[in-house]
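To be precise, the following lines are structure-v5.txt, and they hold compact mmCIF, C-alpha atoms and all ligand atoms.
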# COMPACT_ATOMS: atom_id res chain seq x y z
CA MET A 1 123.17 -38.41 -15.68
CA VAL A 2 120.34 -40.35 -14.08
CA PRO A 3 121.01 -40.64 -10.36
CA ALA A 4 119.65 -43.75 -8.74
CA THR A 5 116.78 -42.35 -6.73
CA PRO A 6 114.11 -44.43 -5.05
CA GLY A 7 111.00 -44.60 -7.19
CA LEU A 8 112.86 -44.85 -10.46
CA ARG A 9 112.06 -48.05 -12.34
CA VAL A 10 114.72 -50.00 -14.15
CA SER A 11 113.92 -49.97 -17.85
CA THR A 12 114.06 -53.26 -19.73
CA PRO A 13 117.56 -53.55 -21.16
CA ASP A 14 117.74 -52.98 -24.90
CA PRO A 15 119.37 -56.12 -26.39
CA GLU A 16 120.75 -53.99 -29.25
CA ARG A 17 122.99 -52.08 -26.91
CA SER A 18 125.91 -53.62 -25.19
CA LEU A 19 126.63 -51.80 -21.97
CA PRO A 20 129.56 -53.67 -20.52
CA SER A 21 129.21 -54.33 -16.80
CA ALA A 22 126.58 -51.59 -16.42
CA ASP A 23 123.37 -53.57 -16.64
CA ILE A 24 124.18 -55.66 -13.58
CA GLU A 25 122.46 -55.11 -10.28
CA VAL A 26 124.51 -54.12 -7.24
CA ASP A 27 125.41 -57.09 -5.05
CA ARG A 28 123.20 -56.86 -1.96
CA ALA A 29 125.61 -58.72 0.32
CA ALA A 30 128.42 -56.32 -0.65
CA ALA A 31 126.18 -53.34 0.05
CA ALA A 32 125.14 -54.69 3.46
CA GLU A 33 128.73 -55.56 4.40
CA PHE A 34 129.90 -52.03 3.62
CA LEU A 35 127.04 -50.41 5.52
CA GLU A 36 127.86 -52.59 8.56
CA LEU A 37 131.47 -51.40 8.37
CA PHE A 38 130.47 -47.76 7.96
CA HIS A 39 128.14 -47.85 10.95
CA ALA A 40 130.62 -49.84 13.08
CA GLU A 41 133.38 -47.28 12.49
CA ASN A 42 131.04 -44.25 12.58
CA PRO A 43 128.79 -44.73 15.63
CA GLU A 44 127.42 -41.18 15.26
CA ALA A 45 125.66 -42.38 12.08
CA GLY A 46 123.18 -44.29 14.24
CA PRO A 47 121.93 -47.87 13.89
CA VAL A 48 122.64 -49.68 10.63
CA GLY A 49 119.30 -51.55 10.40
CA PRO A 50 117.14 -48.79 8.91
CA ARG A 51 119.85 -47.81 6.45
CA ILE A 52 120.28 -51.39 5.18
CA ALA A 53 116.51 -51.71 4.75
CA ALA A 54 116.38 -48.45 2.78
CA VAL A 55 119.29 -49.48 0.56
CA MET A 56 117.70 -52.89 -0.17
CA ARG A 57 114.47 -51.13 -1.24
CA GLU A 58 116.51 -48.79 -3.43
CA ILE A 59 118.26 -51.75 -5.07
CA ASP A 60 114.85 -53.42 -5.62
CA MET A 61 113.64 -50.37 -7.47
CA THR A 62 116.72 -49.14 -9.31
CA GLY A 63 119.24 -51.95 -9.32
CA THR A 64 121.69 -49.76 -7.43
CA TYR A 65 121.84 -47.21 -4.58
CA TRP A 66 123.20 -43.77 -3.93
CA HIS A 67 125.81 -43.43 -1.16
CA THR A 68 125.31 -40.64 1.35
CA PRO A 69 128.17 -38.11 1.16
CA GLU A 70 129.47 -39.53 4.45
CA GLU A 71 129.43 -43.11 3.10
CA LEU A 72 131.22 -41.97 -0.05
CA THR A 73 133.94 -40.16 1.89
CA PHE A 74 134.45 -43.06 4.29
CA GLY A 75 134.35 -45.61 1.45
CA ALA A 76 137.02 -43.79 -0.55
CA ARG A 77 139.29 -43.45 2.50
CA VAL A 78 138.90 -47.14 3.36
CA ALA A 79 139.61 -48.09 -0.26
CA TRP A 80 142.98 -46.38 0.21
CA ARG A 81 143.46 -48.02 3.63
CA ASN A 82 142.83 -51.43 2.03
CA ASN A 83 145.09 -50.97 -0.98
CA ALA A 84 147.87 -53.51 -0.48
CA ARG A 85 150.26 -51.82 -2.92
CA CYS A 86 150.50 -48.44 -1.21
CA ILE A 87 153.26 -47.68 1.30
CA GLY A 88 151.83 -44.22 2.04
CA ARG A 89 148.66 -45.21 3.87
CA LEU A 90 149.45 -43.66 7.26
CA TYR A 91 147.47 -40.57 6.27
CA TRP A 92 144.42 -42.40 4.88
CA ARG A 93 142.03 -40.37 7.05
CA SER A 94 143.24 -37.12 5.49
CA LEU A 95 142.06 -38.01 1.96
CA GLN A 96 139.96 -35.16 0.59
CA VAL A 97 136.97 -36.48 -1.29
CA ARG A 98 135.39 -34.40 -4.07
CA ASP A 99 131.85 -35.61 -4.63
CA LEU A 100 131.33 -35.17 -8.39
CA ARG A 101 128.81 -37.97 -8.85
CA THR A 102 126.48 -35.74 -10.88
CA VAL A 103 129.23 -35.09 -13.45
CA SER A 104 129.02 -37.57 -16.32
CA ASP A 105 129.82 -35.71 -19.58
CA ALA A 106 133.33 -35.84 -21.03
CA ALA A 107 133.99 -32.09 -20.90
CA GLY A 108 132.72 -31.88 -17.32
CA VAL A 109 134.93 -34.77 -16.22
CA ALA A 110 137.98 -33.19 -17.90
CA ARG A 111 137.33 -29.74 -16.39
CA HIS A 112 137.01 -31.18 -12.89
CA CYS A 113 140.16 -33.28 -13.40
CA PHE A 114 142.08 -30.10 -14.19
CA GLU A 115 140.60 -28.45 -11.11
CA HIS A 116 141.64 -31.56 -9.11
CA LEU A 117 145.25 -31.06 -10.27
CA ARG A 118 145.23 -27.41 -9.15
CA ALA A 119 143.63 -28.19 -5.80
CA ALA A 120 145.82 -31.24 -5.09
CA ASN A 121 149.00 -29.34 -5.98
CA ASN A 122 148.07 -26.63 -3.47
CA GLY A 123 151.10 -24.48 -4.26
CA GLY A 124 153.45 -27.43 -3.68
CA LYS A 125 152.00 -28.59 -0.36
CA ILE A 126 150.37 -31.62 -1.93
CA ARG A 127 147.01 -32.79 -0.62
CA PRO A 128 145.91 -36.42 -1.00
CA MET A 129 142.65 -36.12 -2.96
CA ILE A 130 140.10 -38.12 -4.94
CA SER A 131 137.43 -36.92 -7.38
CA VAL A 132 134.52 -39.32 -7.65
CA PHE A 133 132.57 -39.01 -10.90
CA ALA A 134 129.26 -40.67 -11.88
CA PRO A 135 128.95 -44.34 -10.84
CA GLU A 136 128.12 -47.30 -13.01
CA THR A 137 124.31 -47.79 -12.96
CA PRO A 138 121.96 -50.22 -14.71
CA LEU A 139 120.58 -47.29 -16.70
CA ARG A 140 123.85 -45.79 -17.79
CA PRO A 141 127.48 -46.84 -17.74
CA ALA A 142 129.90 -44.48 -16.05
CA PRO A 143 132.44 -42.32 -17.87
CA ARG A 144 135.95 -43.74 -18.37
CA ILE A 145 139.28 -41.97 -18.26
CA TRP A 146 141.71 -43.70 -20.59
CA ASN A 147 144.96 -42.23 -19.23
CA GLU A 148 146.84 -44.10 -16.53
CA GLN A 149 147.44 -40.82 -14.72
CA LEU A 150 146.10 -37.31 -15.36
CA ILE A 151 149.64 -36.16 -16.22
CA ARG A 152 151.77 -38.48 -18.36
CA TYR A 153 154.49 -37.74 -20.89
CA ALA A 154 154.26 -38.68 -24.55
CA GLY A 155 156.71 -41.17 -26.08
CA TYR A 156 157.54 -40.74 -29.76
CA GLU A 157 159.06 -43.51 -31.83
CA GLN A 158 161.94 -42.09 -33.79
CA PRO A 159 163.34 -43.26 -37.13
CA ASN A 160 166.44 -44.66 -35.35
CA GLY A 161 164.17 -46.96 -33.31
CA ARG A 162 164.69 -45.04 -30.08
CA VAL A 163 161.88 -43.31 -28.22
CA LEU A 164 161.82 -39.60 -27.42
CA GLY A 165 159.99 -39.14 -24.11
CA ASP A 166 158.41 -41.89 -22.02
CA PRO A 167 158.62 -45.24 -23.84
CA ARG A 168 155.83 -46.59 -21.62
CA TYR A 169 153.37 -44.47 -23.62
CA ARG A 170 154.73 -44.96 -27.13
CA THR A 171 151.63 -46.87 -28.34
CA PHE A 172 149.21 -44.65 -26.42
CA THR A 173 150.89 -41.60 -27.97
CA SER A 174 150.77 -42.90 -31.55
CA GLN A 175 147.10 -43.90 -31.13
CA LEU A 176 146.21 -40.40 -29.92
CA ILE A 177 148.05 -38.88 -32.86
CA GLN A 178 145.96 -41.11 -35.14
CA ARG A 179 142.87 -39.83 -33.35
CA GLY A 180 143.86 -36.30 -34.20
CA TRP A 181 146.09 -35.12 -31.33
CA ARG A 182 148.67 -32.62 -32.55
CA PRO A 183 151.80 -32.87 -30.42
CA PRO A 184 153.77 -29.67 -29.73
CA GLU A 185 156.46 -28.54 -32.18
CA PRO A 186 159.26 -29.39 -31.81
CA LEU A 187 158.61 -32.72 -30.07
CA GLY A 188 160.07 -32.94 -26.56
CA ALA A 189 160.89 -35.57 -23.96
CA PHE A 190 158.30 -34.17 -21.52
CA ASP A 191 155.22 -33.32 -23.62
CA VAL A 192 152.08 -33.73 -21.53
CA LEU A 193 149.57 -36.06 -23.20
CA PRO A 194 145.96 -34.91 -23.58
CA LEU A 195 143.33 -36.40 -21.30
CA VAL A 196 141.00 -38.90 -22.98
CA VAL A 197 137.52 -39.16 -21.47
CA GLU A 198 135.02 -41.61 -22.93
CA THR A 199 131.28 -41.68 -22.31
CA VAL A 200 128.70 -43.97 -23.85
CA ASP A 201 127.02 -41.07 -25.68
CA GLU A 202 130.07 -39.12 -26.79
CA GLY A 203 132.73 -41.75 -27.42
CA PRO A 204 136.35 -40.91 -26.57
CA GLN A 205 137.08 -37.18 -26.41
CA MET A 206 140.52 -35.55 -26.01
CA PHE A 207 141.31 -32.54 -23.85
CA GLN A 208 144.61 -30.65 -23.72
CA LEU A 209 145.65 -29.95 -20.12
CA PRO A 210 145.75 -26.22 -19.31
CA GLY A 211 149.18 -24.95 -18.24
CA GLN A 212 148.00 -24.02 -14.73
CA ALA A 213 147.01 -27.64 -14.09
CA VAL A 214 150.52 -28.98 -14.72
CA HIS A 215 153.16 -28.31 -12.10
CA GLU A 216 156.61 -29.71 -12.81
CA VAL A 217 159.98 -29.73 -11.12
CA PRO A 218 163.16 -29.27 -13.20
CA LEU A 219 165.78 -31.66 -11.85
CA GLU A 220 169.17 -30.54 -10.58
CA HIS A 221 171.70 -32.22 -8.32
CA PRO A 222 172.92 -30.71 -5.02
CA GLU A 223 176.60 -31.07 -6.07
CA LEU A 224 176.87 -32.25 -9.68
CA ALA A 225 176.36 -28.99 -11.60
CA TRP A 226 176.09 -30.75 -14.99
CA PHE A 227 173.00 -32.69 -13.89
CA ALA A 228 170.68 -29.78 -14.73
CA GLU A 229 171.97 -29.85 -18.33
CA LEU A 230 170.36 -33.27 -18.81
CA GLY A 231 167.07 -31.37 -19.05
CA MET A 232 165.19 -33.81 -16.82
CA ARG A 233 161.98 -32.85 -15.07
CA TRP A 234 158.97 -34.54 -13.50
CA HIS A 235 155.41 -33.62 -12.64
CA ALA A 236 154.62 -32.81 -9.01
CA VAL A 237 151.41 -34.83 -8.51
CA PRO A 238 150.81 -38.49 -9.44
CA VAL A 239 147.04 -38.82 -10.05
CA ILE A 240 146.06 -42.39 -10.92
CA SER A 241 143.05 -42.11 -13.19
CA ASN A 242 142.20 -45.56 -14.58
CA ASN A 243 141.43 -47.54 -11.44
CA ARG A 244 137.87 -48.47 -10.48
CA LEU A 245 136.80 -47.49 -6.99
CA VAL A 246 134.39 -50.06 -5.54
CA ILE A 247 132.38 -49.22 -2.42
CA GLY A 248 129.67 -51.52 -1.12
CA GLY A 249 129.10 -53.11 -4.52
CA VAL A 250 128.88 -49.78 -6.38
CA SER A 251 131.55 -49.16 -9.04
CA TYR A 252 133.07 -45.78 -9.78
CA PRO A 253 135.32 -46.35 -12.82
CA ALA A 254 136.23 -42.65 -13.03
CA ALA A 255 137.66 -41.71 -9.64
CA PRO A 256 141.14 -40.22 -10.08
CA PHE A 257 143.16 -40.04 -6.83
CA ASN A 258 146.56 -38.86 -5.69
CA GLY A 259 149.00 -38.79 -2.83
CA TRP A 260 152.48 -37.31 -3.03
CA TYR A 261 155.53 -38.91 -4.60
CA MET A 262 158.09 -41.05 -2.85
CA GLY A 263 161.39 -40.14 -4.56
CA THR A 264 162.25 -43.64 -5.79
CA GLU A 265 159.09 -43.79 -7.93
CA ILE A 266 160.65 -41.10 -10.10
CA GLY A 267 164.39 -41.58 -9.52
CA ALA A 268 164.59 -45.37 -9.47
CA ARG A 269 161.70 -46.36 -11.75
CA ASN A 270 160.45 -43.61 -14.09
CA LEU A 271 163.94 -42.28 -14.81
CA GLY A 272 165.94 -45.40 -13.94
CA ASP A 273 164.13 -48.30 -15.63
CA SER A 274 165.80 -49.28 -18.91
CA ASP A 275 162.39 -49.36 -20.61
CA ARG A 276 161.52 -45.89 -19.28
CA TYR A 277 163.88 -42.86 -19.41
CA ASP A 278 166.92 -45.14 -18.94
CA LEU A 279 169.05 -42.44 -17.31
CA VAL A 280 171.50 -44.64 -15.40
CA PRO A 281 174.09 -45.20 -18.18
CA THR A 282 174.09 -41.51 -19.11
CA VAL A 283 174.59 -40.37 -15.52
CA ALA A 284 177.27 -43.01 -14.89
CA GLU A 285 179.19 -41.78 -17.90
CA ARG A 286 178.92 -38.11 -16.84
CA MET A 287 180.13 -39.14 -13.38
CA GLY A 288 183.14 -40.79 -15.00
CA LEU A 289 182.41 -44.19 -13.42
CA ASP A 290 184.08 -47.37 -14.57
CA THR A 291 181.29 -49.10 -16.51
CA SER A 292 183.55 -51.78 -17.98
CA HIS A 293 182.14 -54.43 -15.67
CA GLU A 294 179.13 -54.80 -13.37
CA ALA A 295 181.16 -55.40 -10.22
CA THR A 296 182.15 -51.72 -10.00
CA LEU A 297 178.48 -51.18 -9.06
CA TRP A 298 178.35 -48.15 -11.36
CA ARG A 299 174.61 -48.67 -11.80
CA ASP A 300 174.02 -48.47 -8.07
CA GLN A 301 176.21 -45.38 -7.68
CA ALA A 302 174.52 -43.55 -10.54
CA LEU A 303 171.07 -44.55 -9.29
CA VAL A 304 171.76 -43.01 -5.89
CA GLU A 305 172.77 -39.69 -7.47
CA ILE A 306 169.65 -39.59 -9.67
CA ASN A 307 167.53 -40.17 -6.58
CA ARG A 308 169.39 -37.49 -4.62
CA ALA A 309 168.68 -35.09 -7.48
CA VAL A 310 164.94 -35.89 -7.39
CA LEU A 311 164.61 -35.40 -3.62
CA HIS A 312 166.79 -32.27 -3.66
CA SER A 313 164.90 -30.65 -6.56
CA PHE A 314 161.40 -31.26 -5.19
CA ARG A 315 162.50 -29.93 -1.83
CA ALA A 316 164.18 -26.88 -3.37
CA ASN A 317 160.98 -26.15 -5.31
CA GLY A 318 158.78 -26.46 -2.23
CA VAL A 319 156.95 -29.54 -3.57
CA THR A 320 156.01 -32.32 -1.11
CA ILE A 321 157.99 -35.53 -1.59
CA SER A 322 159.28 -38.19 0.79
CA ASP A 323 162.28 -40.49 0.79
CA HIS A 324 161.94 -44.26 1.03
CA HIS A 325 163.46 -44.51 4.51
CA THR A 326 161.00 -42.06 6.04
CA GLU A 327 158.03 -43.52 4.14
CA SER A 328 158.97 -47.06 5.24
CA ARG A 329 159.02 -46.04 8.89
CA ARG A 330 155.66 -44.30 8.48
CA PHE A 331 154.22 -47.46 7.00
CA LEU A 332 155.27 -49.51 10.04
CA THR A 333 153.60 -46.88 12.24
CA HIS A 334 150.49 -47.33 10.11
CA LEU A 335 150.62 -51.11 10.61
CA GLU A 336 150.88 -50.67 14.39
CA ARG A 337 147.94 -48.28 14.43
CA GLU A 338 145.80 -50.61 12.36
CA GLU A 339 146.66 -53.48 14.64
CA ARG A 340 145.73 -51.39 17.68
CA ALA A 341 142.40 -50.58 16.02
CA GLY A 342 141.79 -54.32 15.72
CA ARG A 343 142.16 -54.42 11.96
CA ARG A 344 144.36 -56.44 9.66
CA CYS A 345 146.28 -54.44 7.11
CA PRO A 346 146.72 -56.09 3.72
CA ALA A 347 150.08 -55.39 2.10
CA ASP A 348 151.94 -56.75 -0.91
CA TRP A 349 155.65 -57.12 -0.08
CA SER A 350 156.69 -56.81 -3.73
CA TRP A 351 155.03 -53.38 -3.97
CA ILE A 352 155.80 -52.11 -0.47
CA VAL A 353 159.57 -52.67 -0.49
CA PRO A 354 161.23 -49.71 -2.25
CA PRO A 355 163.03 -50.34 -5.56
CA MET A 356 166.43 -49.36 -4.16
CA SER A 357 168.23 -50.17 -0.90
CA GLY A 358 165.39 -52.47 0.12
CA SER A 359 167.23 -54.06 3.02
CA GLN A 360 168.10 -50.61 4.42
CA THR A 361 164.39 -50.01 5.03
CA PRO A 362 162.47 -51.72 7.86
CA VAL A 363 159.62 -52.81 5.56
CA PHE A 364 161.98 -55.34 3.93
CA HIS A 365 162.48 -57.45 7.03
CA ARG A 366 159.03 -58.93 7.49
CA TYR A 367 156.00 -60.40 5.73
CA TYR A 368 152.50 -59.04 5.46
CA ASP A 369 148.87 -60.05 5.49
CA ALA A 370 147.98 -60.66 1.84
CA GLU A 371 144.23 -60.94 2.25
CA HIS A 372 142.10 -58.85 -0.10
CA ARG A 373 139.61 -56.37 1.38
CA VAL A 374 136.91 -54.07 0.05
CA PRO A 375 136.28 -51.15 -0.46
CA ASN A 376 139.29 -50.95 -2.75
CA PHE A 377 140.71 -49.71 -6.02
CA PHE A 378 140.77 -52.19 -8.88
CA ALA A 379 143.17 -52.10 -11.80
CA ASP A 380 140.91 -53.78 -14.39
CA ASP A 381 142.77 -55.48 -17.24
CA GLU A 382 140.66 -53.66 -19.79
CA ALA A 383 141.37 -50.23 -18.32
CA ALA A 384 145.05 -51.08 -17.80
CA GLY A 385 145.29 -52.13 -21.46
CA ARG A 386 143.58 -48.96 -22.70
CA ALA A 387 146.01 -46.79 -20.75
CA LEU A 388 148.94 -48.33 -22.65
CA GLN A 389 147.36 -49.21 -26.01
CA GLY A 390 145.18 -46.09 -26.45
CA GLY A 391 142.10 -48.22 -27.11
CA PRO A 392 139.89 -50.00 -27.89
CA PRO A 393 137.01 -47.82 -26.64
CA ALA A 394 135.00 -49.16 -23.69
CA PHE A 395 131.67 -48.68 -25.47
CA ARG A 396 131.07 -49.85 -28.98
CA GLY A 397 127.35 -49.57 -29.52
CA PRO A 398 125.12 -47.67 -31.96
CA ARG A 399 125.23 -44.70 -29.62
CA VAL A 400 128.96 -44.18 -29.88
CA LEU A 401 129.64 -41.16 -32.03
CA ALA A 402 132.67 -41.22 -34.24
CA ARG A 403 134.89 -38.22 -33.83
N1 LIG B 501 154.60 -44.85 -9.43
C1 LIG B 501 153.70 -44.00 -10.13
C2 LIG B 501 154.48 -42.93 -10.88
O1 LIG B 501 155.53 -42.69 -10.79
C3 LIG B 501 152.72 -43.32 -9.20
C4 LIG B 501 151.90 -44.24 -8.32
C5 LIG B 501 151.25 -43.54 -7.17
N2 LIG B 501 152.23 -42.93 -6.31
C6 LIG B 501 151.96 -42.20 -5.22
N3 LIG B 501 152.96 -41.71 -4.56
N4 LIG B 501 150.73 -41.97 -4.83
O2 LIG B 501 154.16 -42.12 -11.61

What does the file become when written as structure tokens?
Amino acid sequence: MVPATPGLRVSTPDPERSLPSADIEVDRAAAAEFLELFHAENPEAGPVGPRIAAVMREIDMTGTYWHTPEELTFGARVAWRNNARCIGRLYWRSLQVRDLRTVSDAAGVARHCFEHLRAANNGGKIRPMISVFAPETPLRPAPRIWNEQLIRYAGYEQPNGRVLGDPRYRTFTSQLIQRGWRPPEPLGAFDVLPLVVETVDEGPQMFQLPGQAVHEVPLEHPELAWFAELGMRWHAVPVISNNRLVIGGVSYPAAPFNGWYMGTEIGARNLGDSDRYDLVPTVAERMGLDTSHEATLWRDQALVEINRAVLHSFRANGVTISDHHTESRRFLTHLEREERAGRRCPADWSWIVPPMSGSQTPVFHRYYDAEHRVPNFFADDEAAGRALQGGPPAFRGPRVLAR
């Protein structure tokens, strides 16, 4: 890892090596805009002028600049505050920021990701947390995490055409198997995929998650005793690991972050979607519902019971989770607070409104400011594709070592 320190000269780029997006200088206007924001919201940091001058000199010399720990922490929190898709932003100030910018090797990234999972889980009292690994610099591209989240379940294509596990990751899973991952025997519906970390020097490397890093909740229903027999479970912490954090023009492609779950993410989408675990027909049948025509609303009835099971089980296991009614009200509180602070709060209606009982939540009955703001998290097409396709690698130069 070569940190961007003043005095370091940018070497002439080697035309033989393709370093995607790395050999670009940091945008000076973006840097200045962020520093203005940081100093405006953190008066104790003193006047912004000297800091902007120092950063401009650093960009002259190195093509980039190194955030102070305070700028990094603030930048990461504001990236959350600005993320239009998140309903859970009321607690944006509480985000714990792990400064891991000197970590740039695949094994180091993986080890700290596992530590992140342990620390974020916090015995069930989940802490919103982000781990920021080495940034993109003109001298060296940053590491990449291929997985969409640190914990995801494998999906195995079966001879009958059905998928065992999470169908969302069927291609990712088969690509990892081709790369040498050995799934557990026998195959299960909730096998945790290995973490894939790619660096320009090492190429993609796979790491099995240690047991202590993976906390899961077996699902049972408060009244329907047979529900537990379905063998459903879900992981406690959702850690998004393929988004790029951008602060003041500096990119951090490896910056996994988490909050806690809202029940519908698991109950309505991960377990309910017909191209995911597709549990609704099974539960409707076990409930003895009339599925002969749609107008009985058997889907809706079954969906409610799946979601009750999720909320009940997390609660019974002492793992933080919230329901969509509570989280919607909190979001409106967040909007009021932002307005009072003189800020506009970008929000995307189609992501904010929960996937069930939308009109029963207050967030349904209004529109939002759609304007895009930085700092933010970016879901790059390339990274989004890699998380589903299991490739291609981000770096394909002479320095990439084949496994
Ligand atoms: N919806 C995603 C999932 O189920 C997680 C997205 C982030 N969610 C959160 N509560 N922070 O796995």

Kindly compile the residues surrounding ligand LIG 501 (chain B) within 7 Å, counting only C-alpha atoms and all ligand atoms, and format them as a list in words.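 Selection of residues at most 7 Å from ligand LIG 501 (chain B): Pro238, Val239, Ile240, Asn258, Gly259, Trp260, Tyr261, Met262, Glu265, Ile266 and Asn270 of chain A.
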
Okay, now the selection with C-alpha atoms, as a compact mmCIF listing (two decimals), in the frame of the given file?
# COMPACT_ATOMS: atom_id res chain seq x y z
CA PRO A 238 150.81 -38.49 -9.44
CA VAL A 239 147.04 -38.82 -10.05
CA ILE A 240 146.06 -42.39 -10.92
CA ASN A 258 146.56 -38.86 -5.69
CA GLY A 259 149.00 -38.79 -2.83
CA TRP A 260 152.48 -37.31 -3.03
CA TYR A 261 155.53 -38.91 -4.60
CA MET A 262 158.09 -41.05 -2.85
CA GLU A 265 159.09 -43.79 -7.93
CA ILE A 266 160.65 -41.10 -10.10
CA ASN A 270 160.45 -43.61 -14.09

Tell me, in Å to one decimal, how far atom CA of A:Gly249 is from atom CA of A:Arg93.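 Interatomic distance, atom CA of A:Gly249 to atom CA of A:Arg93: 21.5 Å.
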
Measuring between all atoms listed in the file, which one of A:Phe364, A:Phe114, A:Phe190, A:Tyr91 shows the shortest distance to A:Trp234?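 Closest candidate: A:Phe190.
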
Counting all atoms listed in the file, the residue of A:Leu139, A:Val237, A:Ala383, A:Leu187 that sits nearest A:Val319: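 Among the listed residues, the smallest separation from A:Val319 belongs to A:Val237.
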
Close residues, stretch 33-49 of chain A itself excluded, 8 Å, only C-alpha atoms, min 6 positions apart in chain, as a PyMOL selection string: chain A and resi 71+74-75+247-248+375

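Of the residues listed (A:Ile126, A:Val310, A:Leu279, A:Ala107), A:Ala107 shows the shortest atom-to-atom separation from A:Leu209; distances use all atoms listed in the file.
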
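Residue nearest A:Leu332, chosen from A:Met56, A:Leu72, A:Val109, A:Leu90 and counting all atoms listed in the file: A:Leu90.
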
What is the atom CA of A:Arg373 to atom CA of A:Ala30 distance in Å?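 Calculated distance between atom CA of A:Arg373 and atom CA of A:Ala30 is 11.4 Å.
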